[in-house]
>>> print(open('data_9.pdb').read())   # PDB, C-alpha atoms and all ligand atoms
ATOM      1  CA  MET O   6     -13.477  33.702 -77.713
ATOM      2  CA  PRO O   7     -11.165  31.599 -75.507
ATOM      3  CA  GLU O   8     -12.641  30.599 -72.203
ATOM      4  CA  ILE O   9     -10.919  31.405 -68.938
ATOM      5  CA  SER O  10     -12.228  28.010 -67.970
ATOM      6  CA  ASP O  11      -9.420  25.405 -67.908
ATOM      7  CA  THR O  12      -6.632  27.932 -68.407
ATOM      8  CA  VAL O  13      -3.743  27.400 -66.006
ATOM      9  CA  VAL O  14      -2.791  30.655 -64.298
ATOM     10  CA  ALA O  15       0.128  31.072 -61.882
ATOM     11  CA  ILE O  16      -0.026  34.153 -59.653
ATOM     12  CA  THR O  17       2.763  35.578 -57.500
ATOM     13  CA  GLY O  18       1.805  37.571 -54.430
ATOM     14  CA  ALA O  19      -1.398  35.550 -54.222
ATOM     15  CA  SER O  20      -1.595  35.661 -50.424
ATOM     16  CA  SER O  21      -3.371  39.019 -50.193
ATOM     17  CA  GLY O  22      -4.836  42.009 -52.005
ATOM     18  CA  ILE O  23      -4.875  42.034 -55.797
ATOM     19  CA  GLY O  24      -3.268  38.595 -56.137
ATOM     20  CA  GLU O  25      -5.792  36.992 -53.798
ATOM     21  CA  ALA O  26      -8.738  38.706 -55.541
ATOM     22  CA  THR O  27      -7.397  37.612 -58.942
ATOM     23  CA  ALA O  28      -6.975  33.997 -57.835
ATOM     24  CA  THR O  29     -10.503  33.974 -56.408
ATOM     25  CA  LEU O  30     -12.146  35.471 -59.511
ATOM     26  CA  LEU O  31     -10.243  33.346 -62.033
ATOM     27  CA  ALA O  32     -10.923  30.152 -60.044
ATOM     28  CA  GLU O  33     -14.629  31.053 -59.932
ATOM     29  CA  ARG O  34     -14.486  31.350 -63.712
ATOM     30  CA  GLY O  35     -12.951  27.888 -64.058
ATOM     31  CA  ALA O  36      -9.222  28.614 -64.246
ATOM     32  CA  LYS O  37      -6.784  26.268 -62.545
ATOM     33  CA  VAL O  38      -4.831  28.612 -60.313
ATOM     34  CA  VAL O  39      -1.322  28.113 -58.983
ATOM     35  CA  LEU O  40      -0.591  30.367 -56.038
ATOM     36  CA  GLY O  41       2.794  31.680 -54.891
ATOM     37  CA  ALA O  42       3.763  33.930 -51.961
ATOM     38  CA  ARG O  43       5.872  33.682 -48.812
ATOM     39  CA  ARG O  44       3.015  33.294 -46.276
ATOM     40  CA  THR O  45       1.925  29.711 -46.837
ATOM     41  CA  GLU O  46      -0.740  29.790 -44.127
ATOM     42  CA  ARG O  47      -2.578  32.443 -46.127
ATOM     43  CA  LEU O  48      -2.112  30.474 -49.371
ATOM     44  CA  GLU O  49      -3.420  27.365 -47.643
ATOM     45  CA  ALA O  50      -6.528  29.197 -46.421
ATOM     46  CA  LEU O  51      -7.168  30.698 -49.872
ATOM     47  CA  ALA O  52      -6.681  27.319 -51.546
ATOM     48  CA  ALA O  53      -9.180  25.778 -49.123
ATOM     49  CA  ARG O  54     -11.768  28.444 -49.993
ATOM     50  CA  ILE O  55     -11.213  27.858 -53.724
ATOM     51  CA  VAL O  56     -11.596  24.082 -53.335
ATOM     52  CA  ALA O  57     -14.713  24.526 -51.187
ATOM     53  CA  ALA O  58     -16.215  26.617 -54.008
ATOM     54  CA  GLY O  59     -15.477  23.814 -56.503
ATOM     55  CA  GLY O  60     -12.268  25.240 -57.976
ATOM     56  CA  GLU O  61      -8.904  23.701 -58.798
ATOM     57  CA  VAL O  62      -5.776  25.039 -57.140
ATOM     58  CA  ALA O  63      -2.182  24.314 -56.203
ATOM     59  CA  TYR O  64       0.114  26.442 -54.114
ATOM     60  CA  GLN O  65       3.735  26.658 -53.117
ATOM     61  CA  GLN O  66       5.816  28.940 -50.929
ATOM     62  CA  THR O  67       7.442  31.403 -53.312
ATOM     63  CA  ASP O  68       9.833  34.235 -52.552
ATOM     64  CA  VAL O  69      10.226  36.139 -55.816
ATOM     65  CA  THR O  70      13.686  37.354 -54.793
ATOM     66  CA  ARG O  71      14.810  33.741 -55.266
ATOM     67  CA  ARG O  72      15.010  32.755 -58.915
ATOM     68  CA  ARG O  73      14.686  29.081 -58.065
ATOM     69  CA  ASP O  74      11.323  29.669 -56.344
ATOM     70  CA  LEU O  75       9.863  31.015 -59.604
ATOM     71  CA  ASN O  76      11.236  28.033 -61.511
ATOM     72  CA  ASP O  77       9.585  25.754 -58.939
ATOM     73  CA  LEU O  78       6.238  27.609 -59.182
ATOM     74  CA  VAL O  79       6.168  27.277 -62.975
ATOM     75  CA  ALA O  80       7.190  23.613 -62.670
ATOM     76  CA  LEU O  81       4.352  23.024 -60.185
ATOM     77  CA  ALA O  82       1.823  24.392 -62.702
ATOM     78  CA  CYS O  83       3.170  22.144 -65.460
ATOM     79  CA  GLN O  84       3.368  19.050 -63.269
ATOM     80  CA  ARG O  85      -0.064  19.463 -61.694
ATOM     81  CA  PHE O  86      -2.031  20.794 -64.656
ATOM     82  CA  GLY O  87       0.071  19.879 -67.707
ATOM     83  CA  GLN O  88       0.823  23.393 -68.943
ATOM     84  CA  LEU O  89       1.046  27.066 -68.004
ATOM     85  CA  ASP O  90      -1.186  29.497 -69.892
ATOM     86  CA  VAL O  91      -0.648  32.676 -67.878
ATOM     87  CA  LEU O  92       1.898  33.968 -65.373
ATOM     88  CA  VAL O  93       0.662  36.947 -63.348
ATOM     89  CA  ASN O  94       3.788  38.663 -62.007
ATOM     90  CA  ASN O  95       1.900  40.491 -59.265
ATOM     91  CA  ALA O  96       4.097  40.329 -56.137
ATOM     92  CA  GLY O  97       5.299  43.773 -55.148
ATOM     93  CA  VAL O  98       6.029  46.071 -52.228
ATOM     94  CA  MET O  99       5.719  49.823 -51.817
ATOM     95  CA  PRO O 100       7.853  51.095 -48.894
ATOM     96  CA  ILE O 101       7.837  54.688 -50.139
ATOM     97  CA  SER O 102       9.550  57.648 -48.457
ATOM     98  CA  PRO O 103      11.388  60.871 -49.337
ATOM     99  CA  LEU O 104      14.814  60.187 -50.864
ATOM    100  CA  ASP O 105      16.402  62.437 -48.188
ATOM    101  CA  GLU O 106      15.618  59.800 -45.576
ATOM    102  CA  LEU O 107      18.034  57.385 -47.291
ATOM    103  CA  ARG O 108      15.961  54.302 -46.513
ATOM    104  CA  VAL O 109      18.293  52.349 -48.766
ATOM    105  CA  GLU O 110      17.120  48.947 -47.552
ATOM    106  CA  ASP O 111      13.600  49.855 -48.688
ATOM    107  CA  TRP O 112      14.972  50.912 -52.079
ATOM    108  CA  GLU O 113      16.754  47.567 -52.372
ATOM    109  CA  ALA O 114      13.638  45.626 -51.387
ATOM    110  CA  MET O 115      11.613  47.383 -54.101
ATOM    111  CA  ILE O 116      14.289  46.685 -56.714
ATOM    112  CA  ASP O 117      14.652  43.044 -55.632
ATOM    113  CA  ILE O 118      10.924  42.262 -55.444
ATOM    114  CA  ASN O 119       9.316  44.598 -57.975
ATOM    115  CA  ILE O 120      11.939  44.386 -60.743
ATOM    116  CA  LYS O 121      14.069  41.293 -60.198
ATOM    117  CA  GLY O 122      11.034  39.302 -59.073
ATOM    118  CA  VAL O 123       9.315  40.042 -62.392
ATOM    119  CA  LEU O 124      12.500  39.198 -64.317
ATOM    120  CA  TYR O 125      12.810  35.874 -62.486
ATOM    121  CA  GLY O 126       9.191  35.147 -63.405
ATOM    122  CA  ILE O 127       9.954  35.894 -67.036
ATOM    123  CA  ALA O 128      13.089  33.720 -66.891
ATOM    124  CA  ALA O 129      11.074  30.837 -65.431
ATOM    125  CA  ALA O 130       8.097  30.962 -67.789
ATOM    126  CA  LEU O 131       9.536  32.174 -71.096
ATOM    127  CA  PRO O 132      11.251  28.865 -72.039
ATOM    128  CA  VAL O 133       8.055  27.008 -71.128
ATOM    129  CA  PHE O 134       5.931  29.371 -73.209
ATOM    130  CA  ARG O 135       8.359  29.027 -76.161
ATOM    131  CA  GLU O 136       8.237  25.240 -75.913
ATOM    132  CA  GLN O 137       4.440  25.221 -75.686
ATOM    133  CA  GLY O 138       4.020  27.775 -78.477
ATOM    134  CA  PHE O 139       1.638  29.831 -76.323
ATOM    135  CA  GLY O 140       1.653  31.755 -73.071
ATOM    136  CA  HIS O 141       0.685  35.082 -71.533
ATOM    137  CA  PHE O 142       2.649  37.306 -69.147
ATOM    138  CA  ILE O 143       0.615  39.726 -67.079
ATOM    139  CA  ASN O 144       2.964  42.084 -65.245
ATOM    140  CA  THR O 145       1.749  44.441 -62.536
ATOM    141  CA  ALA O 146       3.003  48.007 -62.804
ATOM    142  CA  SER O 147       1.183  50.992 -61.245
ATOM    143  CA  THR O 148      -0.227  54.418 -61.982
ATOM    144  CA  ALA O 149       2.941  55.516 -60.133
ATOM    145  CA  ALA O 150       4.675  54.625 -63.395
ATOM    146  CA  VAL O 151       2.268  56.804 -65.359
ATOM    147  CA  ARG O 152       2.476  59.870 -63.102
ATOM    148  CA  VAL O 153       5.511  60.117 -60.785
ATOM    149  CA  THR O 154       4.871  61.920 -57.485
ATOM    150  CA  PRO O 155       7.078  62.909 -54.514
ATOM    151  CA  ASN O 156       8.078  60.137 -52.059
ATOM    152  CA  GLN O 157       7.455  57.533 -54.764
ATOM    153  CA  SER O 158      10.671  57.982 -56.805
ATOM    154  CA  VAL O 159      12.113  54.522 -56.272
ATOM    155  CA  TYR O 160       8.756  52.752 -56.331
ATOM    156  CA  ALA O 161       7.823  54.578 -59.543
ATOM    157  CA  GLY O 162      11.253  53.702 -60.934
ATOM    158  CA  THR O 163      10.637  50.007 -60.316
ATOM    159  CA  LYS O 164       7.216  50.166 -61.934
ATOM    160  CA  LEU O 165       8.559  52.138 -64.906
ATOM    161  CA  ALA O 166      11.098  49.330 -65.241
ATOM    162  CA  VAL O 167       8.271  46.783 -65.260
ATOM    163  CA  ARG O 168       6.520  48.733 -68.017
ATOM    164  CA  ALA O 169       9.723  49.019 -70.080
ATOM    165  CA  ILE O 170      10.660  45.362 -69.665
ATOM    166  CA  SER O 171       7.103  44.293 -70.494
ATOM    167  CA  GLU O 172       6.946  46.434 -73.623
ATOM    168  CA  GLY O 173      10.310  45.100 -74.794
ATOM    169  CA  LEU O 174       9.171  41.570 -74.059
ATOM    170  CA  ARG O 175       5.957  42.177 -76.020
ATOM    171  CA  GLN O 176       7.957  43.297 -79.045
ATOM    172  CA  GLU O 177      10.280  40.298 -78.794
ATOM    173  CA  ALA O 178       7.478  37.846 -78.064
ATOM    174  CA  GLY O 179       6.462  37.113 -81.643
ATOM    175  CA  ASP O 180       3.120  35.895 -82.883
ATOM    176  CA  ASN O 181       2.370  33.304 -80.235
ATOM    177  CA  LEU O 182       2.920  34.947 -76.868
ATOM    178  CA  ARG O 183       0.991  37.748 -75.172
ATOM    179  CA  VAL O 184       2.259  40.382 -72.744
ATOM    180  CA  THR O 185      -0.026  42.627 -70.719
ATOM    181  CA  ILE O 186       0.833  45.430 -68.302
ATOM    182  CA  ILE O 187      -1.711  46.052 -65.548
ATOM    183  CA  SER O 188      -1.362  49.481 -63.938
ATOM    184  CA  PRO O 189      -3.601  49.805 -60.891
ATOM    185  CA  GLY O 190      -4.367  53.060 -59.172
ATOM    186  CA  MET O 191      -5.117  53.259 -55.451
ATOM    187  CA  THR O 192      -6.501  49.869 -54.460
ATOM    188  CA  SER O 193      -7.780  48.775 -51.078
ATOM    189  CA  THR O 194      -5.129  46.249 -50.025
ATOM    190  CA  ALA O 195      -2.419  45.811 -47.396
ATOM    191  CA  PHE O 196       0.193  47.626 -49.519
ATOM    192  CA  ALA O 197       0.856  50.274 -46.832
ATOM    193  CA  ASP O 198       2.089  47.604 -44.399
ATOM    194  CA  SER O 199       5.536  47.723 -46.014
ATOM    195  CA  ILE O 200       5.951  51.496 -45.510
ATOM    196  CA  THR O 201       8.595  52.137 -42.837
ATOM    197  CA  ASP O 202       8.142  55.928 -42.641
ATOM    198  CA  PRO O 203       5.257  56.365 -40.148
ATOM    199  CA  THR O 204       4.161  59.757 -41.481
ATOM    200  CA  VAL O 205       4.078  58.648 -45.105
ATOM    201  CA  ARG O 206       2.294  55.459 -44.090
ATOM    202  CA  ALA O 207      -0.416  57.321 -42.133
ATOM    203  CA  GLU O 208      -0.974  59.760 -45.015
ATOM    204  CA  LEU O 209      -1.264  56.991 -47.579
ATOM    205  CA  GLU O 210      -3.561  54.873 -45.406
ATOM    206  CA  MET O 211      -5.848  57.874 -44.946
ATOM    207  CA  ARG O 212      -5.941  58.482 -48.692
ATOM    208  CA  ARG O 213      -6.451  54.797 -49.417
ATOM    209  CA  ASP O 214      -9.354  54.587 -46.990
ATOM    210  CA  ALA O 215     -10.919  57.677 -48.599
ATOM    211  CA  ILE O 216     -10.692  56.799 -52.312
ATOM    212  CA  ALA O 217      -9.380  53.283 -52.990
ATOM    213  CA  MET O 218     -11.173  50.814 -55.230
ATOM    214  CA  PRO O 219     -11.637  47.154 -54.297
ATOM    215  CA  PRO O 220      -8.963  44.713 -55.584
ATOM    216  CA  ASP O 221     -11.672  42.931 -57.546
ATOM    217  CA  ALA O 222     -11.552  45.854 -60.019
ATOM    218  CA  ILE O 223      -8.037  44.773 -60.975
ATOM    219  CA  ALA O 224      -8.974  41.089 -61.013
ATOM    220  CA  ARG O 225     -11.658  41.877 -63.608
ATOM    221  CA  ALA O 226      -9.134  43.753 -65.762
ATOM    222  CA  ILE O 227      -6.810  40.738 -65.638
ATOM    223  CA  ALA O 228      -9.691  38.431 -66.579
ATOM    224  CA  PHE O 229     -10.498  40.722 -69.541
ATOM    225  CA  ALA O 230      -6.934  40.453 -70.857
ATOM    226  CA  ILE O 231      -6.943  36.659 -70.513
ATOM    227  CA  GLU O 232     -10.312  36.059 -72.163
ATOM    228  CA  GLN O 233      -9.456  37.859 -75.413
ATOM    229  CA  PRO O 234      -8.883  35.686 -78.493
ATOM    230  CA  ALA O 235      -5.411  34.117 -78.594
ATOM    231  CA  ASP O 236      -4.230  36.531 -81.320
ATOM    232  CA  ILE O 237      -5.345  39.622 -79.368
ATOM    233  CA  ASP O 238      -2.802  41.087 -76.964
ATOM    234  CA  VAL O 239      -4.091  43.681 -74.516
ATOM    235  CA  GLY O 240      -0.957  45.811 -74.085
ATOM    236  CA  GLU O 241      -1.777  47.816 -70.971
ATOM    237  CA  ILE O 242      -4.770  48.459 -68.774
ATOM    238  CA  VAL O 243      -4.737  51.445 -66.404
ATOM    239  CA  VAL O 244      -7.489  51.273 -63.789
ATOM    240  CA  ARG O 245      -8.006  54.050 -61.226
ATOM    241  CA  PRO O 246     -10.749  54.977 -58.825
ATOM    242  CA  THR O 247     -12.565  57.976 -60.280
ATOM    243  CA  ALA O 248     -11.477  60.048 -57.253
ATOM    244  CA  GLN O 249      -7.753  59.593 -58.025
ATOM    245  CA  ASN O 250      -6.017  62.538 -59.687
TER
HETATM  246  N1  LIG O 301      -2.771  48.574 -53.812
HETATM  247  C1  LIG O 301      -2.461  49.550 -54.658
HETATM  248  O1  LIG O 301      -2.945  50.698 -54.513
HETATM  249  C2  LIG O 301      -1.553  49.273 -55.818
HETATM  250  C3  LIG O 301      -1.440  50.264 -56.817
HETATM  251  C4  LIG O 301      -0.599  50.023 -57.894
HETATM  252  C5  LIG O 301       0.103  48.850 -57.987
HETATM  253  N2  LIG O 301      -0.011  47.906 -57.006
HETATM  254  C6  LIG O 301       0.771  46.685 -57.150
HETATM  255  O2  LIG O 301      -0.086  45.570 -57.031
HETATM  256  C7  LIG O 301       0.680  44.439 -56.632
HETATM  257  C8  LIG O 301      -0.051  43.744 -55.497
HETATM  258  O3  LIG O 301      -0.052  44.568 -54.357
HETATM  259  P1  LIG O 301      -1.315  44.701 -53.381
HETATM  260  O4  LIG O 301      -1.807  46.078 -53.487
HETATM  261  O5  LIG O 301      -2.239  43.586 -53.592
HETATM  262  O6  LIG O 301      -0.581  44.611 -51.952
HETATM  263  P2  LIG O 301      -0.559  43.477 -50.826
HETATM  264  O7  LIG O 301      -1.954  43.186 -50.370
HETATM  265  O8  LIG O 301       0.425  43.962 -49.831
HETATM  266  O9  LIG O 301      -0.011  42.201 -51.591
HETATM  267  C9  LIG O 301       1.327  42.078 -51.949
HETATM  268  C10 LIG O 301       1.596  40.628 -52.259
HETATM  269  O10 LIG O 301       2.969  40.517 -52.663
HETATM  270  C11 LIG O 301       3.519  39.435 -51.958
HETATM  271  N3  LIG O 301       4.961  39.582 -51.788
HETATM  272  C12 LIG O 301       5.655  40.600 -51.216
HETATM  273  N4  LIG O 301       6.962  40.318 -51.225
HETATM  274  C13 LIG O 301       7.106  39.104 -51.822
HETATM  275  C14 LIG O 301       8.195  38.263 -52.106
HETATM  276  N5  LIG O 301       9.465  38.598 -51.800
HETATM  277  N6  LIG O 301       7.963  37.092 -52.720
HETATM  278  C15 LIG O 301       6.706  36.721 -53.050
HETATM  279  N7  LIG O 301       5.632  37.459 -52.789
HETATM  280  C16 LIG O 301       5.827  38.640 -52.178
HETATM  281  C17 LIG O 301       2.795  39.365 -50.640
HETATM  282  O11 LIG O 301       2.821  38.032 -50.145
HETATM  283  P3  LIG O 301       3.751  37.487 -48.956
HETATM  284  O12 LIG O 301       3.989  38.633 -48.004
HETATM  285  O13 LIG O 301       2.933  36.374 -48.365
HETATM  286  O14 LIG O 301       4.993  36.997 -49.641
HETATM  287  C18 LIG O 301       1.384  39.729 -51.063
HETATM  288  O15 LIG O 301       0.691  38.575 -51.467
HETATM  289  C19 LIG O 301       2.063  44.972 -56.274
HETATM  290  O16 LIG O 301       2.946  44.742 -57.346
HETATM  291  C20 LIG O 301       1.830  46.459 -56.100
HETATM  292  O17 LIG O 301       2.992  47.207 -56.326
HETATM  293  C21 LIG O 301      -0.833  48.104 -55.936
END
>>> encode(input="data_9.pdb", output="structure tokens")
Amino acid sequence: MPEISDTVVAITGASSGIGEATATLLAERGAKVVLGARRTERLEALAARIVAAGGEVAYQQTDVTRRRDLNDLVALACQRFGQLDVLVNNAGVMPISPLDELRVEDWEAMIDINIKGVLYGIAAALPVFREQGFGHFINTASTAAVRVTPNQSVYAGTKLAVRAISEGLRQEAGDNLRVTIISPGMTSTAFADSITDPTVRAELEMRRDAIAMPPDAIARAIAFAIEQPADIDVGEIVVRPTAQN
């Protein structure tokens, strides 16, 4: 079974929540992690914790709405560690609201970050993976893409797009590349911070605080997908707290 140890894993949205938990767990297990997000002070602090624990890490300010930033993140992994084994396209936002409110800027942010950000990650890493002859995309969708609920139409649409793009990519990938969809349920992170509708935000925060699972649950699912033998592709993992309907 391949070791996680010494694999080079780039993670977008590594400055908090699921991305931060994933970087921490994989670094503990010996991966060389390459962190991207916009808030560099948080990346710097996380990198310092990883180094203090004996891990190997690099980080770079990355806004996934800028294609060039993804190219630079992938290049950083290759320059610093010689290759890229895994790209975790995790960055995402969830400013949900009823469609009637016409919060069109929120819709655009979700499309730009959740869909185009993943596509830019694919565009950056796919040529590198082809050249190497190996590589693994792990794309973060959501249970919102499994069961669509009111107020989440656009968010669910973006995550359904991630699932569709990932499944198409998996079928095109051939024998050497792996593609995994991770679909988290309610997870205890800062995701509600992006919600601009105060009522929806309060409701979701209350539900999150009642039932959410720790982000480490998703980090472990990601580690499971990575540690499978190179010819085993975990297609999708859906992880929910038991209390989620
Ligand atoms: N928490 C849940 O219940 C849940 C459920 C299903 C799916 N998810 C998905 O899980 C992923 C991680 O979310 P989370 O729950 O961990 O929330 P979070 O704590 O708010 O983390 C979101 C991360 O995305 C980054 N990000 C946002 N916009 C970005 C941009 N333009 N460029 C680069 N990075 C950006 C943020 O970093 P910066 O602000 O520093 O850039 C942050 O690191 C998302 O794709 C989310 O949709 C979460």
>>> closest_residue(input="data_9.pdb", among="O:Ala224, O:Met115, O:Val109, O:Met191", to="ligand LIG 301 (chain O)", atoms="only C-alpha atoms and all ligand atoms")
O:Met191
>>> closest_atom_pairs(input="data_9.pdb", of="range 63-104 of chain O", to="range 202-222 of chain O", cutoff="10 Å", atoms="all atoms listed in the file", output="Markdown table")
| residue | atom | partner | partner_atom | distance |
| --- | --- | --- | --- | --- |
| O:Pro100 | CA | O:Asp202 | CA | 7.9 |
| O:Ile101 | CA | O:Val205 | CA | 7.4 |
| O:Ser102 | CA | O:Asp202 | CA | 6.2 |
| O:Pro103 | CA | O:Val205 | CA | 8.7 |
>>> residues_around(input="data_9.pdb", residues="Ala114 in chain O", least_positions_apart="6", cutoff="9 Å", atoms="only C-alpha atoms", output="ChimeraX atom specification")
/O:70,98-100
>>> closest_residue(input="data_9.pdb", among="O:Ile23, O:Leu182, O:Ala230, O:Leu104", to="Ala195 in chain O", atoms="all atoms listed in the file")
O:Ile23
>>> resolve_selection(input="data_9.pdb", expression="the PyMOL selection byres (((chain O and resi 26) around 12) and not hetatm)", output="MDAnalysis selection string")
chainID O and resid 16 18:25 27:33 38 40 51 55 95 192:194 219:228
>>> decode(input="data_9.pdb", residues="range 7-19 of chain O", atoms="N, CA, C and O atoms", output="PDB file, in the first residue's frame")
ATOM      1  N   PRO O   7       0.622   2.221  -0.899  1.00  0.00           N
ATOM      2  CA  PRO O   7       1.457   3.418  -0.906  1.00  0.00           C
ATOM      3  C   PRO O   7       1.356   4.152   0.420  1.00  0.00           C
ATOM      4  O   PRO O   7       0.298   4.177   1.050  1.00  0.00           O
ATOM      5  N   GLU O   8       2.458   4.721   0.816  1.00  0.00           N
ATOM      6  CA  GLU O   8       2.490   5.508   2.037  1.00  0.00           C
ATOM      7  C   GLU O   8       2.011   6.921   1.728  1.00  0.00           C
ATOM      8  O   GLU O   8       2.226   7.441   0.644  1.00  0.00           O
ATOM      9  N   ILE O   9       1.385   7.555   2.689  1.00  0.00           N
ATOM     10  CA  ILE O   9       1.140   8.997   2.561  1.00  0.00           C
ATOM     11  C   ILE O   9       2.473   9.726   2.726  1.00  0.00           C
ATOM     12  O   ILE O   9       2.714  10.769   2.135  1.00  0.00           O
ATOM     13  N   SER O  10       3.329   9.099   3.523  1.00  0.00           N
ATOM     14  CA  SER O  10       4.647   9.649   3.766  1.00  0.00           C
ATOM     15  C   SER O  10       5.357   9.961   2.442  1.00  0.00           C
ATOM     16  O   SER O  10       5.374   9.134   1.534  1.00  0.00           O
ATOM     17  N   ASP O  11       5.875  11.179   2.347  1.00  0.00           N
ATOM     18  CA  ASP O  11       6.651  11.653   1.188  1.00  0.00           C
ATOM     19  C   ASP O  11       5.800  12.007  -0.026  1.00  0.00           C
ATOM     20  O   ASP O  11       6.352  12.423  -1.040  1.00  0.00           O
ATOM     21  N   THR O  12       4.483  11.818   0.041  1.00  0.00           N
ATOM     22  CA  THR O  12       3.676  12.333  -1.068  1.00  0.00           C
ATOM     23  C   THR O  12       3.608  13.852  -0.953  1.00  0.00           C
ATOM     24  O   THR O  12       3.617  14.411   0.146  1.00  0.00           O
ATOM     25  N   VAL O  13       3.536  14.500  -2.109  1.00  0.00           N
ATOM     26  CA  VAL O  13       3.470  15.965  -2.147  1.00  0.00           C
ATOM     27  C   VAL O  13       2.018  16.346  -2.434  1.00  0.00           C
ATOM     28  O   VAL O  13       1.461  15.969  -3.472  1.00  0.00           O
ATOM     29  N   VAL O  14       1.413  17.049  -1.495  1.00  0.00           N
ATOM     30  CA  VAL O  14      -0.018  17.348  -1.572  1.00  0.00           C
ATOM     31  C   VAL O  14      -0.224  18.860  -1.511  1.00  0.00           C
ATOM     32  O   VAL O  14       0.133  19.500  -0.517  1.00  0.00           O
ATOM     33  N   ALA O  15      -0.788  19.429  -2.561  1.00  0.00           N
ATOM     34  CA  ALA O  15      -1.158  20.851  -2.551  1.00  0.00           C
ATOM     35  C   ALA O  15      -2.633  20.962  -2.174  1.00  0.00           C
ATOM     36  O   ALA O  15      -3.463  20.174  -2.637  1.00  0.00           O
ATOM     37  N   ILE O  16      -2.937  21.940  -1.333  1.00  0.00           N
ATOM     38  CA  ILE O  16      -4.300  22.095  -0.800  1.00  0.00           C
ATOM     39  C   ILE O  16      -4.723  23.546  -0.950  1.00  0.00           C
ATOM     40  O   ILE O  16      -4.050  24.451  -0.420  1.00  0.00           O
ATOM     41  N   THR O  17      -5.839  23.788  -1.658  1.00  0.00           N
ATOM     42  CA  THR O  17      -6.383  25.143  -1.700  1.00  0.00           C
ATOM     43  C   THR O  17      -7.347  25.322  -0.533  1.00  0.00           C
ATOM     44  O   THR O  17      -7.925  24.360  -0.030  1.00  0.00           O
ATOM     45  N   GLY O  18      -7.509  26.580  -0.115  1.00  0.00           N
ATOM     46  CA  GLY O  18      -8.365  26.825   1.051  1.00  0.00           C
ATOM     47  C   GLY O  18      -7.789  26.192   2.307  1.00  0.00           C
ATOM     48  O   GLY O  18      -8.514  25.680   3.148  1.00  0.00           O
ATOM     49  N   ALA O  19      -6.455  26.259   2.421  1.00  0.00           N
ATOM     50  CA  ALA O  19      -5.784  25.596   3.544  1.00  0.00           C
ATOM     51  C   ALA O  19      -5.727  26.466   4.792  1.00  0.00           C
ATOM     52  O   ALA O  19      -5.205  26.036   5.818  1.00  0.00           O
TER      53      ALA O  19
END
